[in-house]
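A.B. asks: Input final-v2.cif, format and content: mmCIF, C-alpha atoms.
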data_entry
#
loop_
_atom_site.label_atom_id
_atom_site.label_comp_id
_atom_site.auth_asym_id
_atom_site.auth_seq_id
_atom_site.Cartn_x
_atom_site.Cartn_y
_atom_site.Cartn_z
CA MET A 292 31.72 20.89 -45.18
CA PHE A 293 35.01 21.54 -47.00
CA ASP A 294 37.28 19.54 -44.73
CA GLU A 295 39.08 17.66 -47.56
CA PRO A 296 38.67 14.26 -45.89
CA PHE A 297 41.00 12.43 -48.30
CA ALA A 298 43.88 14.87 -48.08
CA HIS A 299 45.22 14.28 -44.60
CA GLY A 300 46.11 10.59 -44.60
CA LYS A 301 49.49 8.93 -44.33
CA ALA A 302 48.83 6.19 -46.88
CA PRO A 303 51.33 5.28 -49.69
CA ILE A 304 49.56 7.65 -52.14
CA HIS A 305 50.12 10.63 -49.83
CA ARG A 306 53.88 10.02 -49.94
CA LEU A 307 53.90 10.41 -53.75
CA ASP A 308 54.92 13.77 -55.18
CA PRO A 309 51.76 15.80 -55.97
CA ARG A 310 53.00 16.55 -59.51
CA ALA A 311 53.48 12.83 -60.13
CA ARG A 312 49.94 12.20 -58.82
CA LEU A 313 48.47 14.80 -61.19
CA LEU A 314 50.29 13.40 -64.24
CA MET A 315 49.32 9.84 -63.35
CA GLY A 316 45.69 10.88 -62.89
CA LEU A 317 45.61 12.78 -66.19
CA ALA A 318 47.12 9.92 -68.21
CA PHE A 319 44.89 7.28 -66.63
CA CYS A 320 41.65 9.27 -66.96
CA LEU A 321 42.34 10.20 -70.60
CA ALA A 322 42.93 6.52 -71.37
CA VAL A 323 39.75 5.45 -69.56
CA ALA A 324 37.66 8.09 -71.35
CA SER A 325 38.68 6.64 -74.71
CA VAL A 326 37.99 2.93 -74.08
CA LYS A 327 34.99 1.34 -75.79
CA SER A 328 34.89 -2.23 -74.50
CA MET A 329 33.47 -3.54 -71.23
CA GLY A 330 36.57 -5.63 -70.50
CA SER A 331 38.93 -2.64 -70.69
CA ALA A 332 36.54 -0.56 -68.59
CA ALA A 333 36.34 -3.32 -65.95
CA LEU A 334 40.15 -3.55 -65.91
CA ALA A 335 40.30 0.22 -65.42
CA VAL A 336 37.89 0.00 -62.46
CA ALA A 337 40.17 -2.66 -60.90
CA VAL A 338 43.28 -0.47 -61.35
CA ALA A 339 41.43 2.57 -59.95
CA GLY A 340 40.20 0.48 -57.02
CA ALA A 341 43.80 -0.53 -56.25
CA LEU A 342 44.87 3.13 -56.38
CA LEU A 343 42.07 4.03 -54.01
CA ALA A 344 43.09 1.25 -51.62
CA ALA A 345 46.58 2.79 -51.62
CA ALA A 346 45.01 6.08 -50.54
CA ALA A 347 43.08 4.44 -47.64
CA PRO A 348 40.07 6.80 -47.89
CA PRO A 349 37.57 7.26 -45.05
CA LEU A 350 34.50 5.24 -46.06
CA PRO A 351 31.63 7.69 -45.27
CA ALA A 352 33.28 10.45 -47.32
CA LEU A 353 33.89 8.01 -50.17
CA LEU A 354 30.23 6.93 -50.21
CA ARG A 355 29.09 10.58 -50.29
CA ARG A 356 31.33 11.12 -53.32
CA LEU A 357 29.96 8.10 -55.13
CA GLY A 358 26.44 9.30 -54.33
CA ALA A 359 27.21 12.49 -56.27
CA ILE A 360 27.59 10.58 -59.55
CA ALA A 361 24.73 8.17 -58.83
CA GLY A 362 22.05 10.67 -59.86
CA PHE A 363 23.45 11.20 -63.34
CA LEU A 364 24.05 7.48 -63.88
CA LEU A 365 20.50 6.73 -62.71
CA MET A 366 19.18 9.11 -65.37
CA LEU A 367 21.22 7.27 -68.01
CA TRP A 368 19.94 3.86 -66.83
CA LEU A 369 16.34 5.11 -66.83
CA THR A 370 16.55 6.33 -70.43
CA ILE A 371 19.16 4.65 -72.65
CA PRO A 372 18.36 0.90 -72.32
CA TRP A 373 14.63 1.53 -72.87
CA VAL A 374 14.85 3.67 -76.00
CA LEU A 375 17.87 2.37 -77.89
CA PRO A 376 16.78 -0.14 -80.57
CA GLY A 377 18.31 -3.62 -80.65
CA PRO A 378 17.75 -7.22 -79.56
CA PRO A 379 15.60 -7.23 -76.39
CA ALA A 380 17.29 -8.23 -73.15
CA LEU A 381 14.45 -7.64 -70.74
CA VAL A 382 10.73 -7.33 -71.45
CA TRP A 383 8.76 -5.65 -68.69
CA GLY A 384 5.13 -5.03 -69.62
CA PRO A 385 5.00 -2.59 -72.54
CA VAL A 386 8.68 -1.57 -72.28
CA THR A 387 11.76 -3.44 -73.47
CA ALA A 388 15.39 -2.97 -72.55
CA SER A 389 17.77 -3.63 -75.44
CA TRP A 390 21.23 -5.19 -75.24
CA PRO A 391 22.98 -2.25 -76.98
CA GLY A 392 21.26 0.13 -74.54
CA ILE A 393 22.36 -1.87 -71.50
CA HIS A 394 25.88 -2.09 -72.93
CA LEU A 395 26.06 1.69 -73.41
CA ALA A 396 24.75 2.48 -69.92
CA ALA A 397 26.99 -0.14 -68.27
CA LEU A 398 30.05 1.14 -70.14
CA ALA A 399 29.40 4.72 -69.00
CA THR A 400 28.90 3.48 -65.43
CA LEU A 401 32.19 1.52 -65.36
CA LYS A 402 34.18 4.32 -67.00
CA GLY A 403 32.67 6.92 -64.68
CA LEU A 404 33.43 4.76 -61.66
CA ALA A 405 37.05 4.21 -62.78
CA ILE A 406 37.66 7.95 -63.32
CA VAL A 407 35.99 8.96 -60.05
CA LEU A 408 37.91 6.37 -58.01
CA ALA A 409 41.20 7.37 -59.66
CA THR A 410 40.73 11.14 -59.25
CA THR A 411 39.63 10.62 -55.63
CA ALA A 412 42.78 8.59 -54.95
CA LEU A 413 45.21 10.80 -56.88
CA VAL A 414 43.81 14.37 -56.77
CA ALA A 415 41.35 14.63 -53.86
CA SER A 416 44.18 13.16 -51.75
CA MET A 417 45.89 16.59 -51.72
CA THR A 418 44.62 19.87 -50.30
CA ILE A 419 43.62 22.59 -52.77
CA ALA A 420 46.67 24.53 -51.59
CA THR A 421 48.97 21.65 -52.59
CA LEU A 422 47.02 21.18 -55.84
CA GLY A 423 47.59 24.86 -56.68
CA HIS A 424 51.34 24.62 -56.12
CA ALA A 425 51.59 21.35 -58.06
CA LEU A 426 49.65 22.90 -60.99
CA SER A 427 51.96 25.90 -60.87
CA ALA A 428 55.04 23.65 -60.94
CA LEU A 429 53.58 21.87 -63.98
CA GLY A 430 53.32 25.13 -65.91
CA THR A 431 49.82 26.51 -65.15
CA PRO A 432 49.86 30.34 -65.44
CA THR A 433 50.62 31.90 -62.05
CA ARG A 434 47.62 34.29 -62.11
CA LEU A 435 45.23 31.37 -62.61
CA VAL A 436 46.77 29.47 -59.69
CA VAL A 437 46.65 32.63 -57.54
CA LEU A 438 42.96 32.95 -58.46
CA LEU A 439 42.33 29.33 -57.43
CA LEU A 440 44.12 29.76 -54.10
CA PHE A 441 42.37 33.05 -53.30
CA THR A 442 38.98 31.55 -54.16
CA TYR A 443 39.73 28.53 -51.98
CA ARG A 444 40.98 30.72 -49.14
CA HIS A 445 37.74 32.71 -49.04
CA ILE A 446 35.03 30.08 -49.35
CA PHE A 447 35.45 29.26 -45.66
CA SER A 448 34.81 32.81 -44.42
CA LEU A 449 32.00 33.39 -46.94
CA PHE A 450 30.34 30.11 -45.98
CA ALA A 451 30.51 31.16 -42.33
CA SER A 452 29.01 34.48 -43.36
CA TRP A 453 26.20 32.70 -45.20
CA THR A 454 25.55 30.44 -42.20
CA ARG A 455 25.14 33.51 -39.99
CA LEU A 456 22.65 35.05 -42.45
CA TRP A 457 20.76 31.78 -42.69
CA ASP A 458 20.60 31.27 -38.91
CA ALA A 459 19.40 34.85 -38.44
CA ALA A 460 16.62 34.31 -40.98
CA ARG A 461 15.56 31.03 -39.42
CA LEU A 462 15.49 32.54 -35.93
CA ARG A 463 12.98 35.04 -37.32
CA GLY A 464 10.82 32.14 -38.47
CA PHE A 465 11.88 32.02 -42.15
CA ILE A 466 10.97 28.75 -43.86
CA PRO A 467 11.76 28.79 -47.61
CA ARG A 468 8.73 28.06 -49.78
CA THR A 469 7.79 28.62 -53.40
CA THR A 470 6.45 32.11 -52.69
CA SER A 471 7.53 35.53 -53.88
CA HIS A 472 8.32 36.45 -50.26
CA SER A 473 10.69 33.48 -49.92
CA TYR A 474 12.41 34.26 -53.23
CA HIS A 475 12.73 37.89 -52.22
CA THR A 476 14.33 36.94 -48.91
CA LEU A 477 16.73 34.42 -50.50
CA ALA A 478 17.75 36.85 -53.27
CA THR A 479 18.42 39.59 -50.70
CA MET A 480 20.50 37.20 -48.59
CA VAL A 481 22.57 36.19 -51.63
CA GLY A 482 22.90 39.90 -52.48
CA VAL A 483 24.25 40.62 -48.99
CA LEU A 484 26.69 37.73 -49.45
CA LEU A 485 27.95 39.26 -52.73
CA LEU A 486 28.36 42.68 -51.11
CA ARG A 487 30.32 41.17 -48.23
CA ALA A 488 32.50 39.37 -50.79
CA LEU A 489 33.20 42.66 -52.60
CA ASP A 490 34.11 44.42 -49.33
CA GLN A 491 36.29 41.51 -48.27
CA ALA A 492 38.08 41.65 -51.66
CA HIS A 493 39.16 45.23 -51.02
CA ARG A 494 40.31 44.46 -47.48
CA SER A 495 42.19 41.31 -48.55
CA ARG A 496 43.92 43.05 -51.43
CA GLU A 497 45.05 45.92 -49.22
CA ALA A 498 46.31 43.49 -46.58
CA MET A 499 48.23 41.51 -49.23
CA LEU A 500 49.78 44.68 -50.71
CA LEU A 501 50.79 45.81 -47.24
CA ARG A 502 52.69 42.55 -46.83
CA GLY A 503 54.48 43.08 -50.12
CA PHE A 504 52.45 40.81 -52.40
CA THR A 505 53.72 41.10 -55.97
CA GLY A 506 51.47 38.56 -57.68
CA GLN A 507 54.00 35.77 -57.28
CA LEU A 508 53.39 32.61 -55.28
CA ALA A 509 55.51 31.76 -52.27
CA SER A 510 54.91 28.26 -50.93
CA ILE A 511 55.99 26.73 -47.67
CA THR A 512 55.14 23.28 -49.08
CA LEU A 513 58.30 21.86 -50.61
CA LEU A 514 57.65 19.72 -53.69
CA GLN A 515 60.35 17.07 -53.74
CA ALA A 516 60.18 14.26 -56.25
CA ARG A 517 62.28 11.15 -55.66
CA PRO A 518 63.36 8.87 -58.50
CA ARG A 519 60.66 6.45 -57.32
CA ASP A 520 57.96 9.05 -58.07
CA TRP A 521 59.07 9.57 -61.65
CA GLY A 522 59.58 5.85 -62.17
CA LEU A 523 56.03 5.19 -61.04
CA THR A 524 54.68 8.03 -63.22
CA THR A 525 56.46 6.64 -66.29
CA ALA A 526 55.13 3.15 -65.58
CA PHE A 527 51.63 4.59 -65.23
CA LEU A 528 51.89 6.52 -68.50
CA LEU A 529 52.98 3.36 -70.31
CA GLY A 530 50.22 1.39 -68.62
CA SER A 531 47.64 3.94 -69.78
CA VAL A 532 48.89 3.70 -73.36
CA ALA A 533 48.76 -0.09 -73.06
CA LEU A 534 45.13 0.13 -71.93
CA VAL A 535 44.21 2.16 -75.03
CA ILE A 536 46.04 -0.29 -77.34
CA LEU A 537 44.50 -3.28 -75.60
CA ASP A 538 41.06 -1.72 -76.03
CA ALA A 539 41.66 -1.05 -79.74
CA LEU A 540 42.61 -4.73 -80.29
CA HIS A 541 39.17 -5.84 -78.98
CA PRO A 542 40.20 -9.01 -77.15
CA TRP A 543 36.94 -8.92 -75.16
CA PRO A 544 33.37 -7.63 -75.57
CA MET B 103 23.53 20.23 -64.28
CA HIS B 104 27.03 18.82 -64.23
CA ILE B 105 27.77 16.04 -66.69
CA ALA B 106 29.38 13.14 -64.80
CA GLU B 107 32.71 11.49 -65.57
CA GLY B 108 32.91 8.57 -67.97
CA VAL B 109 30.01 9.61 -70.19
CA LEU B 110 31.44 11.87 -72.88
CA SER B 111 33.66 10.88 -75.82
CA PRO B 112 37.31 12.00 -75.95
CA ILE B 113 36.53 14.37 -78.85
CA VAL B 114 33.77 16.17 -76.92
CA LEU B 115 35.99 16.30 -73.81
CA ALA B 116 38.88 17.74 -75.83
CA SER B 117 36.64 20.31 -77.58
CA GLY B 118 35.25 21.46 -74.22
CA GLY B 119 38.79 21.70 -72.83
CA VAL B 120 40.04 23.80 -75.76
CA LEU B 121 36.99 26.13 -75.73
CA THR B 122 37.22 26.64 -71.96
CA ALA B 123 40.98 27.25 -72.17
CA ALA B 124 40.35 29.94 -74.82
CA GLY B 125 37.50 31.55 -72.83
CA THR B 126 39.59 31.51 -69.65
CA ALA B 127 42.60 33.03 -71.43
CA ILE B 128 40.41 35.87 -72.76
CA GLY B 129 38.80 36.25 -69.33
CA MET B 130 42.17 36.47 -67.53
CA ARG B 131 43.36 39.09 -70.03
CA HIS B 132 40.26 41.19 -69.26
CA ILE B 133 40.87 41.05 -65.50
CA LYS B 134 43.13 43.88 -64.38
CA GLU B 135 45.71 43.10 -61.70
CA GLU B 136 43.83 45.13 -59.07
CA HIS B 137 40.61 43.25 -59.82
CA LEU B 138 41.95 39.71 -59.44
CA MET B 139 40.93 39.59 -55.77
CA ILE B 140 37.39 40.74 -56.65
CA VAL B 141 37.03 37.90 -59.16
CA ALA B 142 38.34 35.42 -56.57
CA LEU B 143 35.90 36.64 -53.91
CA LEU B 144 32.96 36.63 -56.32
CA ALA B 145 33.92 33.12 -57.47
CA ALA B 146 33.95 32.06 -53.81
CA ALA B 147 30.57 33.75 -53.25
CA PHE B 148 29.06 32.00 -56.30
CA PHE B 149 30.46 28.72 -54.98
CA VAL B 150 28.77 29.28 -51.60
CA ALA B 151 25.53 30.45 -53.28
CA SER B 152 25.50 27.24 -55.34
CA LEU B 153 25.10 25.33 -52.06
CA VAL B 154 21.84 27.20 -51.41
CA HIS B 155 18.71 25.26 -52.25
CA ILE B 156 15.65 27.11 -53.46
CA PRO B 157 12.25 25.43 -53.20
CA ILE B 158 10.43 24.83 -56.49
CA GLY B 159 7.02 23.38 -55.67
CA PRO B 160 7.54 20.03 -53.92
CA ALA B 161 11.16 19.77 -55.13
CA SER B 162 14.15 22.05 -54.79
CA ALA B 163 17.19 22.99 -56.83
CA HIS B 164 20.45 24.65 -55.98
CA LEU B 165 21.28 28.08 -57.33
CA ILE B 166 23.66 28.16 -60.30
CA MET B 167 24.40 31.90 -60.50
CA ASN B 168 26.14 31.70 -63.88
CA GLY B 169 23.90 34.49 -65.24
CA VAL B 170 24.86 36.79 -62.34
CA ALA B 171 28.53 35.94 -62.99
CA GLY B 172 28.06 36.95 -66.64
CA LEU B 173 26.38 40.23 -65.67
CA LEU B 174 28.98 41.21 -63.06
CA LEU B 175 32.17 39.88 -64.65
CA GLY B 176 31.66 39.62 -68.44
CA TRP B 177 34.50 37.49 -69.85
CA GLY B 178 35.77 37.16 -66.27
CA ALA B 179 32.87 34.73 -65.73
CA PHE B 180 34.97 32.04 -67.49
CA PRO B 181 37.79 31.91 -64.91
CA ALA B 182 35.32 32.50 -62.04
CA ILE B 183 33.10 29.58 -63.08
CA LEU B 184 36.19 27.43 -63.77
CA MET B 185 37.33 28.02 -60.18
CA GLY B 186 33.91 27.20 -58.74
CA LEU B 187 33.58 23.98 -60.74
CA THR B 188 37.16 22.92 -59.91
CA LEU B 189 36.40 23.25 -56.21
CA GLN B 190 33.08 21.42 -56.59
CA ALA B 191 34.80 18.57 -58.46
CA VAL B 192 37.59 18.18 -55.90
CA PHE B 193 35.41 18.64 -52.80
CA PHE B 194 32.19 16.89 -53.77
CA GLN B 195 32.74 15.10 -57.10
CA TYR B 196 30.01 17.27 -58.68
CA GLY B 197 31.02 16.95 -62.31
CA GLY B 198 34.66 15.96 -62.36
CA LEU B 199 38.15 17.03 -63.31
CA LEU B 200 38.21 15.39 -66.74
CA VAL B 201 34.83 16.89 -67.75
CA LEU B 202 35.77 20.24 -66.21
CA GLY B 203 36.37 21.81 -69.63
CA VAL B 204 32.96 20.77 -70.99
CA ASN B 205 31.06 21.71 -67.82
CA THR B 206 32.76 25.11 -67.60
CA TRP B 207 32.03 25.86 -71.25
CA ASN B 208 28.40 24.77 -70.80
CA MET B 209 27.81 27.19 -67.95
CA ALA B 210 30.13 30.07 -68.87
CA ALA B 211 29.49 30.48 -72.61
CA PRO B 212 25.74 31.31 -72.34
CA ALA B 213 26.44 33.45 -69.25
CA VAL B 214 29.08 35.58 -71.01
CA LEU B 215 26.90 36.00 -74.11
CA LEU B 216 23.74 36.91 -72.20
CA GLY B 217 25.72 39.07 -69.78
CA PHE B 218 26.84 41.24 -72.70
CA LEU B 219 23.36 41.34 -74.26
CA CYS B 220 21.48 42.15 -71.02
CA ARG B 221 23.96 44.49 -69.35
CA PRO B 222 22.96 47.70 -71.20
CA TRP B 223 19.37 47.27 -69.96
CA LEU B 224 20.44 47.30 -66.31
CA ALA B 225 20.79 51.09 -66.50
CA ARG B 226 17.02 51.44 -66.94
CA PRO B 227 15.32 51.32 -63.55
CA GLY B 228 12.12 49.34 -63.07
CA LYS B 229 10.66 46.88 -65.57
CA GLY B 230 13.50 47.02 -68.12
CA ARG B 231 16.15 46.15 -65.55
CA ALA B 232 14.11 43.38 -63.94
CA THR B 233 13.23 41.84 -67.32
CA ALA B 234 16.85 41.91 -68.52
CA ALA B 235 18.07 40.34 -65.28
CA PHE B 236 15.39 37.64 -65.47
CA ALA B 237 16.32 36.91 -69.11
CA CYS B 238 20.01 36.69 -68.22
CA GLY B 239 19.48 34.43 -65.20
CA ALA B 240 16.93 32.11 -66.82
CA GLY B 241 18.61 32.15 -70.24
CA SER B 242 22.02 31.28 -68.83
CA VAL B 243 20.63 28.20 -67.06
CA LEU B 244 18.64 27.18 -70.11
CA GLY B 245 21.71 27.76 -72.30
CA ALA B 246 23.76 25.56 -69.96
CA GLY B 247 21.08 22.85 -70.36
CA VAL B 248 21.19 23.13 -74.16
CA MET B 249 25.00 22.92 -74.13
CA ALA B 250 24.97 19.86 -71.84
CA ALA B 251 22.36 18.17 -74.04
CA LEU B 252 24.46 18.90 -77.15
CA ALA B 253 27.57 17.46 -75.48
CA LEU B 254 25.63 14.24 -74.80
CA VAL B 255 24.20 13.98 -78.32
CA PHE B 256 27.56 14.72 -79.99
CA THR B 257 29.04 11.88 -77.93
CA GLU B 258 26.52 9.21 -78.85
CA GLU B 259 23.14 9.38 -80.57
CA GLY B 260 21.85 6.84 -78.05
CA PHE B 261 22.05 9.60 -75.42
CA LEU B 262 19.32 11.59 -77.23
CA ARG B 263 16.54 10.72 -74.78
CA ALA B 264 18.79 11.35 -71.77
CA ALA B 265 19.65 14.74 -73.30
CA GLN B 266 15.94 15.56 -73.70
CA VAL B 267 15.25 14.61 -70.08
CA LEU B 268 18.19 16.78 -68.98
CA LEU B 269 16.89 19.75 -70.96
CA VAL B 270 13.32 19.46 -69.63
CA ALA B 271 14.69 19.21 -66.07
CA HIS B 272 16.42 22.56 -66.63
CA LEU B 273 13.14 24.40 -67.39
CA PRO B 274 11.75 24.89 -63.84
CA VAL B 275 15.26 25.56 -62.52
CA ALA B 276 15.75 28.25 -65.18
CA VAL B 277 12.51 30.02 -64.20
CA ALA B 278 13.40 29.97 -60.49
CA GLU B 279 16.92 31.17 -61.22
CA GLY B 280 15.50 33.95 -63.41
CA PHE B 281 13.30 35.26 -60.56
CA VAL B 282 16.17 35.11 -58.06
CA THR B 283 18.49 36.89 -60.52
CA ALA B 284 15.92 39.65 -61.14
CA LEU B 285 15.38 40.20 -57.39
CA LEU B 286 19.11 40.03 -56.72
CA VAL B 287 19.92 42.61 -59.41
CA GLN B 288 17.20 44.95 -58.07
CA PHE B 289 18.76 44.62 -54.62
CA LEU B 290 22.29 45.31 -55.90
CA ALA B 291 21.06 48.29 -57.94
CA HIS B 292 19.69 49.86 -54.77
CA ALA B 293 22.36 48.78 -52.29
CA ARG B 294 25.53 49.06 -54.40
CA PRO B 295 24.86 50.40 -57.93
CA GLU B 296 28.60 50.58 -58.72
CA ALA B 297 28.84 46.79 -58.43
CA LEU B 298 26.66 46.63 -61.55
CA GLY B 299 28.65 49.39 -63.22
CA LEU B 300 25.89 51.92 -62.44
CA SER B 301 26.36 54.96 -60.27
#
Reformat the file's structure so that it appears as structure tokens.
C.D. replies:
Amino acid sequence: MFDEPFAHGKAPIHRLDPRARLLMGLAFCLAVASVKSMGSAALAVAVAGALLAAAAPPLPALLRRLGAIAGFLLMLWLTIPWVLPGPPALVWGPVTASWPGIHLAALATLKGLAIVLATTALVASMTIATLGHALSALGTPTRLVVLLLFTYRHIFSLFASWTRLWDAARLRGFIPRTTSHSYHTLATMVGVLLLRALDQAHRSREAMLLRGFTGQLASITLLQARPRDWGLTTAFLLGSVALVILDALHPWP
Amino acid sequence: MHIAEGVLSPIVLASGGVLTAAGTAIGMRHIKEEHLMIVALLAAAFFVASLVHIPIGPASAHLIMNGVAGLLLGWGAFPAILMGLTLQAVFFQYGGLLVLGVNTWNMAAPAVLLGFLCRPWLARPGKGRATAAFACGAGSVLGAGVMAALALVFTEEGFLRAAQVLLVAHLPVAVAEGFVTALLVQFLAHARPEALGLS
């Protein structure tokens, strides 16, 4: 379920310093979010696609990820083109799709696709543990990073705990329905999960204190940037700025 | 519901980022050193609970649990929800990293507000407690829907109808979440009253 399918490859992206990947992703996504023309958005999708190719992602996991944004985009496509006024592009019985509506929905789709492909290539390509240490190296407050790493560390055991509760309920013939009994059962199971989390928190904290935890992070992952990493990051920053300028000049629709 | 990447304008994204950063900073200041692990574990539990689907008639929705986070953690709900949404964005691409600020604000702001308003009522056993918990659970989901709809409309007036659809879709989810929150709080009040600050 949480096996981080993009994080364990040996593709060119994985050899980049995680800090460089985060900065590249941030610059690129900020630039993409600000573009207003279809041409710039299409260019951004092409760049993001190239990044993704450099991360060599497993295809089934990638399709699942794209499925996650499909629902929201579908809602946009089902509303915007049909209600936004403008010259009609498609007449279908009593409803009309307008050009400005289609433009708006298509632009959101392209921009969303570019950002999702880029963050999958640049950020999902590291484990949460590496992400935490890279964020810390880039100046994120230590307590916040510690919180992220502790949360990450414990979702596995709590999910296993939930699976046990769920299996036990199913073995007793529980099938969730829209009934007060079902809601009662589910709420109690979630309550048990929260109580187990609270108990685990005390045990974990005591175990950490026993091992001399002082609130500081100690990482066995060594972050080592080579000149190539920073060169690539700089080039990417400049490229992102160029995308914004190009978009502002409106050379295409 | 999470707003997807690529939809919101840079100004809305930046506003969400600044508001969430402020809420998280206040939240982290309220969390004492010895309670950091509790917030992490509760954030992990909320993350797992958000994978649980509850049936609503022929459809189903996943739990959101932002109201419970507001009741249990107060301002601490900001960092806890930020952690949950970060993990969801990286693992599953629910929401996304660039819209993380907006999505966190949407879910945490109503939860913190309603958590503070409803908390005093939890001390009254019976109807008062159940009603307050229902209001907090349902209101936090509805508030998240209102915030998400506002983020869409502030971005582009053409998103108005999409925002309305989004808001209406939140209604049944809010009612279901309200019932689960009420039952959950009743359970916690019996099993572990000190978790709710009662004892």
A.B. asks: Determine the residue set returned by the PyMOL selection byres ((chain B) within 7 of (chain A)) for the present structure, and present it as a CSV table (one decimal) with C-alpha atoms, keeping the file's coordinate frame.
C.D. replies:
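What ended up in selection.csv:
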chain,number,residue,atom,x,y,z
B,106,ALA,CA,29.4,13.1,-64.8
B,107,GLU,CA,32.7,11.5,-65.6
B,108,GLY,CA,32.9,8.6,-68.0
B,109,VAL,CA,30.0,9.6,-70.2
B,111,SER,CA,33.7,10.9,-75.8
B,112,PRO,CA,37.3,12.0,-76.0
B,138,LEU,CA,42.0,39.7,-59.4
B,139,MET,CA,40.9,39.6,-55.8
B,140,ILE,CA,37.4,40.7,-56.6
B,142,ALA,CA,38.3,35.4,-56.6
B,143,LEU,CA,35.9,36.6,-53.9
B,144,LEU,CA,33.0,36.6,-56.3
B,145,ALA,CA,33.9,33.1,-57.5
B,146,ALA,CA,34.0,32.1,-53.8
B,147,ALA,CA,30.6,33.8,-53.2
B,150,VAL,CA,28.8,29.3,-51.6
B,151,ALA,CA,25.5,30.4,-53.3
B,157,PRO,CA,12.2,25.4,-53.2
B,158,ILE,CA,10.4,24.8,-56.5
B,159,GLY,CA,7.0,23.4,-55.7
B,185,MET,CA,37.3,28.0,-60.2
B,192,VAL,CA,37.6,18.2,-55.9
B,193,PHE,CA,35.4,18.6,-52.8
B,194,PHE,CA,32.2,16.9,-53.8
B,195,GLN,CA,32.7,15.1,-57.1
B,196,TYR,CA,30.0,17.3,-58.7
B,260,GLY,CA,21.8,6.8,-78.0
B,261,PHE,CA,22.0,9.6,-75.4
B,263,ARG,CA,16.5,10.7,-74.8
B,264,ALA,CA,18.8,11.4,-71.8
B,282,VAL,CA,16.2,35.1,-58.1
B,285,LEU,CA,15.4,40.2,-57.4
B,286,LEU,CA,19.1,40.0,-56.7
B,289,PHE,CA,18.8,44.6,-54.6
B,290,LEU,CA,22.3,45.3,-55.9
A.B. asks: Mind checking which residues fall within 10 Å of Thr524 in chain A, counting only C-alpha atoms, ignoring those fewer than 5 positions away in the same chain, and posting them as a PyMOL selection string?
C.D. replies: chain A and resi 307-308+310-316+318+518-519+529-530
A.B. asks: Just to be explicit: take each residue in the selection above, keep C-alpha atoms, and write the result as a PDB file, keeping the file's coordinate frame.
C.D. replies:
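Output file result11.pdb follows:
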ATOM      1  CA  LEU A 307      53.900  10.410 -53.750  1.00  0.00           C
ATOM      2  CA  ASP A 308      54.920  13.770 -55.180  1.00  0.00           C
ATOM      3  CA  ARG A 310      53.000  16.550 -59.510  1.00  0.00           C
ATOM      4  CA  ALA A 311      53.480  12.830 -60.130  1.00  0.00           C
ATOM      5  CA  ARG A 312      49.940  12.200 -58.820  1.00  0.00           C
ATOM      6  CA  LEU A 313      48.470  14.800 -61.190  1.00  0.00           C
ATOM      7  CA  LEU A 314      50.290  13.400 -64.240  1.00  0.00           C
ATOM      8  CA  MET A 315      49.320   9.840 -63.350  1.00  0.00           C
ATOM      9  CA  GLY A 316      45.690  10.880 -62.890  1.00  0.00           C
ATOM     10  CA  ALA A 318      47.120   9.920 -68.210  1.00  0.00           C
ATOM     11  CA  PRO A 518      63.360   8.870 -58.500  1.00  0.00           C
ATOM     12  CA  ARG A 519      60.660   6.450 -57.320  1.00  0.00           C
ATOM     13  CA  LEU A 529      52.980   3.360 -70.310  1.00  0.00           C
ATOM     14  CA  GLY A 530      50.220   1.390 -68.620  1.00  0.00           C
TER      15      GLY A 530
END
A.B. asks: With only C-alpha atoms as the basis for distance, which of B:Leu202, B:Val248, B:Leu110, B:Leu175 is at the shortest distance from Thr122 in chain B?
C.D. replies: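 Residue with the minimum atom-to-atom distance to Thr122 in chain B: B:Leu202.
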A.B. asks: Mind pulling up the distance from CA of Gly299 in chain B to CA of Gly228 in chain B?
C.D. replies: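 Separation between CA of Gly228 in chain B and CA of Gly299 in chain B: 16.5 Å.
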A.B. asks: Taking the file as I've supplied it (selection: the PyMOL selection byres ((chain B and resi 131) around 12)), which residues are included? Please answer as a PyMOL selection string.
C.D. replies: (chain A and resi 432+434-435) or (chain B and resi 124-130+132-135+137-138+176-178+180-181)
A.B. asks: Include C-alpha atoms and write out the residues we just selected as an mmCIF file, in the frame of the given file.
C.D. replies:
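The new file part-v6.cif reads:
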data_model
loop_
_atom_site.group_PDB
_atom_site.id
_atom_site.type_symbol
_atom_site.label_atom_id
_atom_site.label_comp_id
_atom_site.auth_asym_id
_atom_site.auth_seq_id
_atom_site.Cartn_x
_atom_site.Cartn_y
_atom_site.Cartn_z
ATOM 1 C CA PRO A 432 49.860 30.340 -65.440
ATOM 2 C CA ARG A 434 47.620 34.290 -62.110
ATOM 3 C CA LEU A 435 45.230 31.370 -62.610
ATOM 4 C CA ALA B 124 40.350 29.940 -74.820
ATOM 5 C CA GLY B 125 37.500 31.550 -72.830
ATOM 6 C CA THR B 126 39.590 31.510 -69.650
ATOM 7 C CA ALA B 127 42.600 33.030 -71.430
ATOM 8 C CA ILE B 128 40.410 35.870 -72.760
ATOM 9 C CA GLY B 129 38.800 36.250 -69.330
ATOM 10 C CA MET B 130 42.170 36.470 -67.530
ATOM 11 C CA HIS B 132 40.260 41.190 -69.260
ATOM 12 C CA ILE B 133 40.870 41.050 -65.500
ATOM 13 C CA LYS B 134 43.130 43.880 -64.380
ATOM 14 C CA GLU B 135 45.710 43.100 -61.700
ATOM 15 C CA HIS B 137 40.610 43.250 -59.820
ATOM 16 C CA LEU B 138 41.950 39.710 -59.440
ATOM 17 C CA GLY B 176 31.660 39.620 -68.440
ATOM 18 C CA TRP B 177 34.500 37.490 -69.850
ATOM 19 C CA GLY B 178 35.770 37.160 -66.270
ATOM 20 C CA PHE B 180 34.970 32.040 -67.490
ATOM 21 C CA PRO B 181 37.790 31.910 -64.910
#
